[in-house]
Amino acid sequence: MIPAPFDYVAPTSLDEALAALREHGDEAKILAGGQSLLPVLRMRLNAPEWIIDLGRIDSLRGIREEGDAIVIGAMTPHSVVGNDPLVAQHAGLISAAVERLADVQVRHRGTFGGALAHADPAGDLGGPARALGAVFVIAGAGGMRQVDADDFFVDLFETAIGEDEILVEVRIPKHTGWGSRYEKFVRVEHQWPICAVAATVRVEGGTVTGAGVGLTNMGSTPIRARGVEEALVGQPASAESFAAAAGRAVEGTNPPTDLNGSAEYRLHLAQVLTRRALAAAAGLGEG
């Protein structure tokens, strides 16, 4: 299907983009990599009068090291994020998730910030962002503000980004030396996950001293499994500890029922995948 007619603007600076957004308001949609927006336009599920393309704003791309964080520009393609040595060294969970995200074509066109701003609870990046305690930098008329991952995802396809604001970058606290694993369960490769678990674990002297766990497609937003984290820290890095902690993975979840599986099925999957992800992240195989 052909999209409804719209006007198009491609600003070359963040200030120009914000000005265009303020001018056109509810009549405008932001275009990042287009992997989510373009299908919606083609199906005429949304018919904005203006498209504001961020693709020419170079300042929104790139990856840098800044103190205790790795900073990823919102318009950085997934393929760049997945191949970046800084991300692999200090935020390995992001690298692991991007490797399983969609297919090669989507990873080259889609953008890191665009996927997170879309806030699909079945998206592959929300869980890792929650697990790592990411911080989102958002620009608006009043300047820049930062939003923690716990407050960024508001509801289904809804984030803390205001109608006149743009996601600029994502700050990932360094997890240097932590083991990571992204366990994703699908019926067909490259599909949206029926359920997925993002886990990162720090082990020192055989004891778990840090853990971050995020769940995908287990509610209307990505979920941080804090019960699992609390159950792990201070425990031996063993299959028994991981199995016991995984039993708390379903706390606070509200998984959907659809053609791919029932809520009960996802509750079971979440515990199995959490156990596997924790064991793999700690270097014990897949548990």
# chains A, B, ... in the order shown; residues from 1 in each chain; ligands from 1
call {"tool": "select_by_dssp", "arguments": {"residues": "region 102-209 of chain A", "states": "helix (DSSP H, G or I)", "output": "PyMOL selection string"}}
result
chain A and resi 104-109+112-118+126-132+149-152
call {"tool": "residues_around", "arguments": {"residues": "region 90-102 of chain A", "least_positions_apart": "4", "cutoff": "9 Å", "atoms": "only C-alpha atoms", "output": "ChimeraX atom specification"}}
result
/A:69-70,78-79,81-86,106-107,123-125,128-129,131-132,172-184,189-192,198-200
call {"tool": "write_last_selection", "arguments": {"atoms": "N, CA and C atoms", "output": "CSV table (one decimal), in the first residue's frame"}}
result
chain,number,residue,atom,x,y,z
A,69,ALA,N,31.0,5.9,31.4
A,69,ALA,CA,29.9,5.5,30.5
A,69,ALA,C,30.3,5.4,29.0
A,70,ILE,N,29.6,4.6,28.3
A,70,ILE,CA,29.7,4.5,26.8
A,70,ILE,C,28.5,5.3,26.3
A,78,HIS,N,22.4,0.1,14.0
A,78,HIS,CA,22.7,-1.1,14.8
A,78,HIS,C,24.0,-1.8,14.4
A,79,SER,N,24.2,-1.9,13.2
A,79,SER,CA,25.4,-2.6,12.7
A,79,SER,C,26.7,-1.9,13.2
A,81,VAL,N,26.9,-0.2,16.1
A,81,VAL,CA,26.9,-0.5,17.5
A,81,VAL,C,27.4,-1.9,17.8
A,82,GLY,N,26.9,-2.8,17.0
A,82,GLY,CA,27.2,-4.3,17.2
A,82,GLY,C,28.7,-4.6,16.9
A,83,ASN,N,29.4,-3.7,16.1
A,83,ASN,CA,30.8,-4.0,15.7
A,83,ASN,C,31.7,-3.1,16.4
A,84,ASP,N,31.3,-2.3,17.3
A,84,ASP,CA,32.1,-1.3,18.0
A,84,ASP,C,32.9,-2.0,19.1
A,85,PRO,N,34.2,-1.8,19.2
A,85,PRO,CA,35.0,-2.4,20.2
A,85,PRO,C,34.8,-1.9,21.6
A,86,LEU,N,34.5,-0.6,21.7
A,86,LEU,CA,34.2,0.0,23.0
A,86,LEU,C,32.9,-0.6,23.6
A,106,VAL,N,18.1,-4.9,8.3
A,106,VAL,CA,17.5,-4.1,9.3
A,106,VAL,C,18.6,-3.5,10.2
A,107,ARG,N,19.6,-4.3,10.5
A,107,ARG,CA,20.7,-3.8,11.4
A,107,ARG,C,21.5,-2.7,10.7
A,123,GLY,N,10.7,-5.5,21.4
A,123,GLY,CA,12.0,-5.1,20.8
A,123,GLY,C,13.2,-5.6,21.5
A,124,ASP,N,14.3,-5.8,20.8
A,124,ASP,CA,15.4,-6.5,21.4
A,124,ASP,C,16.3,-5.6,22.3
A,125,LEU,N,16.1,-4.3,22.3
A,125,LEU,CA,17.1,-3.4,23.0
A,125,LEU,C,16.6,-2.9,24.4
A,128,PRO,N,17.9,-5.1,27.5
A,128,PRO,CA,19.3,-4.8,27.8
A,128,PRO,C,19.5,-3.4,28.4
A,129,ALA,N,18.8,-2.4,27.9
A,129,ALA,CA,18.9,-1.1,28.4
A,129,ALA,C,18.5,-1.0,29.8
A,131,ALA,N,18.5,-3.6,32.0
A,131,ALA,CA,19.5,-4.4,32.7
A,131,ALA,C,20.7,-3.6,33.0
A,132,LEU,N,21.2,-2.8,32.1
A,132,LEU,CA,22.4,-2.0,32.3
A,132,LEU,C,22.2,-0.7,32.9
A,172,ILE,N,25.4,4.4,28.5
A,172,ILE,CA,25.4,3.1,29.1
A,172,ILE,C,26.5,3.0,30.1
A,173,PRO,N,26.1,2.8,31.4
A,173,PRO,CA,27.2,2.7,32.4
A,173,PRO,C,28.1,1.5,32.1
A,174,LYS,N,29.4,1.7,32.2
A,174,LYS,CA,30.4,0.7,31.9
A,174,LYS,C,30.2,-0.6,32.8
A,175,HIS,N,30.2,-1.7,32.2
A,175,HIS,CA,30.1,-3.0,32.9
A,175,HIS,C,31.3,-3.8,32.4
A,176,THR,N,32.5,-3.2,32.5
A,176,THR,CA,33.7,-3.8,32.1
A,176,THR,C,34.0,-5.0,32.9
A,177,GLY,N,34.3,-6.1,32.2
A,177,GLY,CA,34.6,-7.4,32.9
A,177,GLY,C,33.4,-8.2,33.3
A,178,TRP,N,32.2,-7.7,33.1
A,178,TRP,CA,31.0,-8.5,33.4
A,178,TRP,C,30.8,-9.4,32.2
A,179,GLY,N,30.2,-10.6,32.5
A,179,GLY,CA,29.8,-11.6,31.5
A,179,GLY,C,28.4,-11.2,31.1
A,180,SER,N,28.1,-11.5,29.8
A,180,SER,CA,26.8,-11.1,29.3
A,180,SER,C,26.2,-12.2,28.4
A,181,ARG,N,24.8,-12.3,28.4
A,181,ARG,CA,24.1,-13.2,27.5
A,181,ARG,C,22.8,-12.7,27.2
A,182,TYR,N,22.4,-12.8,25.9
A,182,TYR,CA,21.0,-12.4,25.5
A,182,TYR,C,20.4,-13.7,25.0
A,183,GLU,N,19.4,-14.3,25.8
A,183,GLU,CA,18.7,-15.5,25.4
A,183,GLU,C,17.4,-15.1,24.8
A,184,LYS,N,17.2,-15.4,23.5
A,184,LYS,CA,16.0,-15.0,22.7
A,184,LYS,C,15.3,-16.3,22.2
A,189,GLU,N,13.9,-17.7,12.9
A,189,GLU,CA,15.0,-16.7,13.1
A,189,GLU,C,14.6,-15.4,12.5
A,190,HIS,N,15.1,-14.3,13.2
A,190,HIS,CA,14.9,-12.9,12.8
A,190,HIS,C,13.5,-12.4,13.2
A,191,GLN,N,12.7,-13.3,13.9
A,191,GLN,CA,11.4,-12.9,14.3
A,191,GLN,C,11.5,-12.1,15.6
A,192,TRP,N,10.4,-11.3,15.9
A,192,TRP,CA,10.3,-10.7,17.2
A,192,TRP,C,10.3,-11.8,18.3
A,198,ALA,N,17.8,-10.7,28.9
A,198,ALA,CA,19.1,-10.0,28.9
A,198,ALA,C,19.8,-10.1,30.2
A,199,ALA,N,20.9,-10.7,30.3
A,199,ALA,CA,21.6,-10.9,31.6
A,199,ALA,C,23.0,-10.5,31.6
A,200,THR,N,23.5,-9.8,32.6
A,200,THR,CA,24.9,-9.5,32.7
A,200,THR,C,25.3,-9.7,34.2
call {"tool": "residues_around", "arguments": {"residues": "Asp148 (chain A)", "least_positions_apart": "5", "cutoff": "10 Å", "atoms": "only C-alpha atoms", "output": "PDB file with N, CA and C atoms, in the first residue's frame"}}
result
ATOM      1  N   ALA A 129      18.775  -2.434  27.851  1.00  0.00           N
ATOM      2  CA  ALA A 129      18.885  -1.067  28.368  1.00  0.00           C
ATOM      3  C   ALA A 129      18.473  -1.008  29.836  1.00  0.00           C
ATOM      4  N   ARG A 130      17.398  -1.734  30.188  1.00  0.00           N
ATOM      5  CA  ARG A 130      16.971  -1.779  31.583  1.00  0.00           C
ATOM      6  C   ARG A 130      18.011  -2.494  32.447  1.00  0.00           C
ATOM      7  N   GLY A 133      20.983  -0.306  33.210  1.00  0.00           N
ATOM      8  CA  GLY A 133      20.741   0.990  33.837  1.00  0.00           C
ATOM      9  C   GLY A 133      21.063   2.156  32.923  1.00  0.00           C
ATOM     10  N   ALA A 134      20.658   2.064  31.660  1.00  0.00           N
ATOM     11  CA  ALA A 134      20.941   3.110  30.686  1.00  0.00           C
ATOM     12  C   ALA A 134      20.288   4.428  31.086  1.00  0.00           C
ATOM     13  N   VAL A 135      20.879   5.506  30.600  1.00  0.00           N
ATOM     14  CA  VAL A 135      20.338   6.852  30.810  1.00  0.00           C
ATOM     15  C   VAL A 135      20.106   7.482  29.441  1.00  0.00           C
ATOM     16  N   PHE A 136      18.909   8.019  29.231  1.00  0.00           N
ATOM     17  CA  PHE A 136      18.518   8.576  27.944  1.00  0.00           C
ATOM     18  C   PHE A 136      18.618  10.103  27.988  1.00  0.00           C
ATOM     19  N   VAL A 137      19.331  10.665  27.024  1.00  0.00           N
ATOM     20  CA  VAL A 137      19.498  12.118  26.937  1.00  0.00           C
ATOM     21  C   VAL A 137      18.532  12.650  25.884  1.00  0.00           C
ATOM     22  N   PHE A 153      10.626   4.054  29.796  1.00  0.00           N
ATOM     23  CA  PHE A 153       9.567   3.263  29.172  1.00  0.00           C
ATOM     24  C   PHE A 153       8.289   3.412  29.997  1.00  0.00           C
ATOM     25  N   ALA A 160       9.139   8.478  27.756  1.00  0.00           N
ATOM     26  CA  ALA A 160       9.172   9.778  28.419  1.00  0.00           C
ATOM     27  C   ALA A 160       9.517  10.909  27.455  1.00  0.00           C
ATOM     28  N   VAL A 170      22.199   7.791  24.135  1.00  0.00           N
ATOM     29  CA  VAL A 170      21.957   6.864  25.235  1.00  0.00           C
ATOM     30  C   VAL A 170      23.288   6.602  25.931  1.00  0.00           C
ATOM     31  N   ARG A 171      23.307   6.814  27.241  1.00  0.00           N
ATOM     32  CA  ARG A 171      24.512   6.607  28.046  1.00  0.00           C
ATOM     33  C   ARG A 171      24.413   5.245  28.749  1.00  0.00           C
TER      34      ARG A 171
END
call {"tool": "residues_around", "arguments": {"residues": "Ser36 (chain A)", "least_positions_apart": "2", "cutoff": "9 Å", "atoms": "only C-alpha atoms", "output": "PyMOL selection string"}}
result
chain A and resi 33-34+38-40+110+114-115+118
call {"tool": "select_by_dssp", "arguments": {"residues": "region 71-241 of chain A", "states": "strand (DSSP E)", "output": "NGL selection string"}}
result
:A and (71-73 or 135-140 or 143-148 or 153-155 or 158-159 or 166-173 or 179-185 or 195-204 or 207-216 or 223-224)
call {"tool": "atom_distance", "arguments": {"atom1": "CA of Glu169 (chain A)", "atom2": "CA of Phe6 (chain A)"}}
result
27.5 Å
call {"tool": "closest_residue", "arguments": {"among": "A:Pro77, A:Gly127, A:Gly140, A:Gly285", "to": "Asp15 (chain A)", "atoms": "only C-alpha atoms"}}
result
A:Gly140
call {"tool": "closest_residue", "arguments": {"among": "A:Ser262, A:Gln271, A:Thr76, A:Thr12", "to": "Ala244 (chain A)", "atoms": "only C-alpha atoms"}}
result
A:Gln271
call {"tool": "atom_distance", "arguments": {"atom1": "CA of Leu14 (chain A)", "atom2": "CA of Met43 (chain A)"}}
result
29.2 Å
call {"tool": "residues_around", "arguments": {"residues": "Lys29 (chain A)", "least_positions_apart": "4", "cutoff": "10 Å", "atoms": "only C-alpha atoms", "output": "list in words"}}
result
Tyr8, Leu21, His24, Gly25, Leu37, Asn46, Ala47, Pro48, Glu49, Trp50, Ile51, Ile52, Asp53 and Glu163 of chain A
call {"tool": "write_last_selection", "arguments": {"atoms": "N, CA and C atoms", "output": "short mmCIF file (atom, residue, chain, number, x, y, z; two decimals), in the first residue's frame"}}
result
data_model
loop_
_atom_site.label_atom_id
_atom_site.label_comp_id
_atom_site.auth_asym_id
_atom_site.auth_seq_id
_atom_site.Cartn_x
_atom_site.Cartn_y
_atom_site.Cartn_z
N TYR A 8 7.97 16.79 3.56
CA TYR A 8 9.21 16.20 4.08
C TYR A 8 10.25 17.28 4.31
N LEU A 21 9.94 20.49 14.59
CA LEU A 21 9.01 19.74 15.43
C LEU A 21 8.06 20.69 16.17
N HIS A 24 5.46 22.14 13.53
CA HIS A 24 4.43 21.26 12.97
C HIS A 24 3.70 20.44 14.02
N GLY A 25 4.23 20.36 15.22
CA GLY A 25 3.53 19.75 16.33
C GLY A 25 2.98 18.36 16.05
N LEU A 37 8.65 3.11 11.42
CA LEU A 37 7.72 4.11 10.90
C LEU A 37 7.24 3.80 9.49
N ASN A 46 -0.99 5.37 10.33
CA ASN A 46 -0.74 6.74 10.75
C ASN A 46 -0.52 7.55 9.48
N ALA A 47 -1.02 8.78 9.47
CA ALA A 47 -0.91 9.62 8.27
C ALA A 47 -0.49 11.04 8.65
N PRO A 48 0.77 11.21 9.06
CA PRO A 48 1.24 12.55 9.43
C PRO A 48 1.32 13.47 8.21
N GLU A 49 1.18 14.75 8.44
CA GLU A 49 1.30 15.72 7.34
C GLU A 49 2.75 16.07 7.05
N TRP A 50 3.62 15.86 8.06
CA TRP A 50 5.05 16.16 7.90
C TRP A 50 5.90 15.00 8.42
N ILE A 51 7.00 14.73 7.70
CA ILE A 51 8.02 13.81 8.15
C ILE A 51 9.30 14.61 8.36
N ILE A 52 9.86 14.50 9.57
CA ILE A 52 11.12 15.17 9.88
C ILE A 52 12.21 14.11 9.95
N ASP A 53 13.06 14.09 8.94
CA ASP A 53 14.10 13.08 8.78
C ASP A 53 15.38 13.52 9.51
N GLU A 163 6.29 15.37 23.08
CA GLU A 163 5.92 15.57 21.68
C GLU A 163 6.83 16.56 20.97
#
call {"tool": "closest_residue", "arguments": {"among": "A:Asp164, A:Glu251, A:Glu158, A:Asp120", "to": "Ala20 (chain A)", "atoms": "only C-alpha atoms"}}
result
A:Asp164
call {"tool": "residues_around", "arguments": {"residues": "Ala243 (chain A)", "least_positions_apart": "3", "cutoff": "10 Å", "atoms": "only C-alpha atoms", "output": "list in words"}}
result
Val228, Leu232, Ser238, Ala239, Glu240, Ala246, Gly247, Arg248, Gln271, Val272, Thr274, Arg275, Arg276, Leu278, Ala279 and Gly287 of chain A
